[in-house]
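K.L.:
My structure is below; once you've seen it, I'll send some questions.
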Amino acid sequence: MPSTSEAQVQIRLVAKQPKYVVPDAPIVVPQQLQRYGLSEIVNHLLGTDTPVPFDFLVDGQFLRESIASYLKAKNLSAENILTLEYVESMLPPTEIASYSHDDWISSVAASSESRFAVGSYDGMVRVWNAQGECEHELRAHQAAVKSVAAARDSSRRGRVELISGSQDQTAIAWGTKDKELRPLYIARGHTGSIEAVAINPANTHFVTASTDATIRFWSLAVPKQSEADQTASGEAEPVSKKQKKANVNIKGKLAIGTLSGHVGPVTGVCFNGDQESQIFSGGWDHSVRTWDVASGVNVTTSLCDKVVLDVAYSTQSRLVATGHADRAVRLWDPRSQDSTVVKLRLSSHKGFVTSVAWAPSSAYMLASASHDSTVKVWDIRSRTPLYTVHATSDEDKGKKLLALDWHKSRLLAGGEGKSLRIHAFSDRAQSAPEDSQE
């Protein structure tokens, strides 16, 4: 019987990226090969001038050992042909900066690779630049800021650049006036804390999700004059004297519509970037819902085992990712005829998954933040995380993460540790596969 160093196995190499496809005829290789040796074979078959590192997937898992060890662990015969899918490797993210805050960080949104808005439990929104300078401290909310969203195109003065949602039941639109970020209007109507806000890609509307079990749909445009603070029934909205006094000079804003259907707090909301009249939401009622905002109709409702804490949609994969209280990340396909069934469940975190964010230029890369103090980077072609990013400072170790955003090559996270942790991916990460999944 041949030794492990001499034993061989037939493999078939497959790739979904056209530029990396090689003939899929089986080839015989030593069982002792690991991914580095396999990468050499692929590069030889491709005839590349500069070697490209690859990762290899077998049965939905990344190969992190020799082929022989995998066959032994799975009790598989070497007489079978082993199919290996190879994908371009992504280098792990590197922490490049950490910005301290006075209180817990609840939310983060990057408007560019050098400008980040951070919502905090001290009721403030801070805007940072890449040099570690806090350019603006925005004060107008009367309670903790729970969510921030950045507008895509806000180059013209007087345009909305940020929306912040707070436990004070209001959302505030911020824009530049006289070279300073100032409140442009205050959106009132919710009767509970605003837990999530999202702006549509066209920069025309935004939505807010609240503990009052509703989602409200708003125009992003700045009103010419303050709109009456009334409910849909025509009755005046309950606004505290403290709020009125603090925001007396800020124009009021009314919602276009209210979406009702959730039972209990709504904790996540996002737009369908491919169909902007559609949004996705999740909440404490264990449901993920699809809505048509124009008609106010709850199109589909998907149920799962635990509370939904965050929702994110990818225009690359056209999938919805959700973070949950059972420490799992779930993926849903809203295009499927049976869109109420979970497409994939990713488990590795040891605490609540509080936030999820898709890579903006890849159909497969996803990040998740958790109460276990880690950020995990996933390639959704595998059920195991690609990388686990731990806190580097003693102040952040073991502290819950509550906020996450992925903008181009920057991955930003924050939470109980009061630090905005900024990680950078190499250029190779940004050239990850862009082909969508059919």
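Ligands are numbered from 1 in the order shown, chains are lettered A, B, ... in the order of the structure tokens, and residues start at 1 in each chain.
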So which residues touch Gly165 (chain A) within 7 Å, counting only C-alpha atoms, skipping near sequence neighbours fewer than 5 positions away, as a compact mmCIF listing (two decimals) with C-alpha atoms, in the first residue's frame?
P.N.:
```txt
# COMPACT_ATOMS: atom_id res chain seq x y z
CA VAL A 145 -28.76 57.76 18.17
CA LYS A 146 -29.55 54.20 17.02
CA SER A 147 -28.93 54.40 13.27
CA VAL A 148 -27.25 56.56 10.61
CA THR A 170 -37.33 61.23 15.44
CA ALA A 171 -35.10 61.12 12.37
CA ILE A 172 -33.02 64.16 11.46
CA ILE A 194 -36.18 54.52 15.54
CA GLU A 195 -33.91 51.48 15.28
CA ALA A 196 -32.92 51.60 11.61
CA VAL A 197 -32.86 54.04 8.69
```
K.L.:
Could you list, with a cut-off of 12 Å and counting only C-alpha atoms, the residues of region 34-120 of chain A near region 419-425 of chain A, each shown with its nearest atom pair and the distance in Å rounded to one decimal, rows sorted by chain and ascending number, as a Markdown table?
P.N.:
```
| residue | atom | partner | partner_atom | distance |
| --- | --- | --- | --- | --- |
| A:Ser89 | CA | A:Phe425 | CA | 12.0 |
| A:Met90 | CA | A:Phe425 | CA | 8.3 |
| A:Leu91 | CA | A:Phe425 | CA | 7.0 |
| A:Pro92 | CA | A:Phe425 | CA | 6.8 |
| A:Pro93 | CA | A:Phe425 | CA | 4.6 |
| A:Thr94 | CA | A:His423 | CA | 5.1 |
| A:Glu95 | CA | A:His423 | CA | 4.1 |
| A:Ile96 | CA | A:His423 | CA | 5.6 |
| A:Ala97 | CA | A:Ile422 | CA | 5.2 |
| A:Ser98 | CA | A:Arg421 | CA | 4.7 |
| A:Tyr99 | CA | A:Leu420 | CA | 5.0 |
| A:Ser100 | CA | A:Ser419 | CA | 4.5 |
| A:His101 | CA | A:Ser419 | CA | 5.9 |
| A:Asp102 | CA | A:Ser419 | CA | 8.9 |
| A:Asp103 | CA | A:Ser419 | CA | 8.8 |
| A:Trp104 | CA | A:Ser419 | CA | 8.0 |
| A:Ile105 | CA | A:Ser419 | CA | 7.3 |
| A:Ser106 | CA | A:Leu420 | CA | 10.3 |
| A:Ser107 | CA | A:Leu420 | CA | 9.8 |
| A:Val108 | CA | A:Leu420 | CA | 8.3 |
| A:Ala109 | CA | A:Leu420 | CA | 11.1 |
| A:Ala110 | CA | A:Ile422 | CA | 10.7 |
| A:Glu113 | CA | A:Ala424 | CA | 9.8 |
| A:Ser114 | CA | A:Ile422 | CA | 10.7 |
| A:Arg115 | CA | A:Ile422 | CA | 11.5 |
| A:Phe116 | CA | A:Leu420 | CA | 9.6 |
| A:Ala117 | CA | A:Leu420 | CA | 10.2 |
| A:Val118 | CA | A:Leu420 | CA | 8.1 |
| A:Gly119 | CA | A:Leu420 | CA | 10.5 |
| A:Ser120 | CA | A:Ser419 | CA | 10.5 |
```
K.L.:
Tell me which protein, DNA and RNA residues are within 9 Å of Tyr185 (chain A), counting only C-alpha atoms, leaving out same-chain ones fewer than 6 positions away, and put them as a PyMOL selection string.
P.N.:
chain A and resi 171-174+222-223+226+250-253
K.L.:
Applying 9 Å and only C-alpha atoms, which residues near Gln10 (chain A) remain after dropping the ones on its own chain fewer than 5 positions away? List them as a VMD selection string.
P.N.:
chain A and resid 26 to 30 78 to 83
K.L.:
Could you work out how far CA of Glu85 (chain A) lies from CA of Val58 (chain A), giving the answer in Å with one decimal?
P.N.:
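Rounded to one decimal, the two atoms are 6.6 Å apart.
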K.L.:
Show which residues sit within 6 Å of Lys306 (chain A), as JSON, numbers by chain. Count only C-alpha atoms, and ignore same-chain residues fewer than 2 positions away.
P.N.:
{"A": [286, 304, 325, 326]}
K.L.:
Could you check which of A:Asp168, A:Leu386, A:Lys72, A:Ala359 is closest to Leu412 (chain A), using only C-alpha atoms?
P.N.:
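Going through A:Asp168, A:Leu386, A:Lys72, A:Ala359 one by one, the smallest distance to Leu412 (chain A) is for A:Ala359.
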K.L.:
Could you list, as an MDAnalysis selection string, every residue within 6 Å of Ile215 (chain A), counting only C-alpha atoms and ignoring same-chain residues fewer than 6 positions away?
P.N.:
chainID A and resid 208:209 258:259
K.L.:
Counting only C-alpha atoms, figure out which residue out of A:Lys224, A:His390, A:His141, A:His205 gets nearest to Val293 (chain A).
P.N.:
A:His205
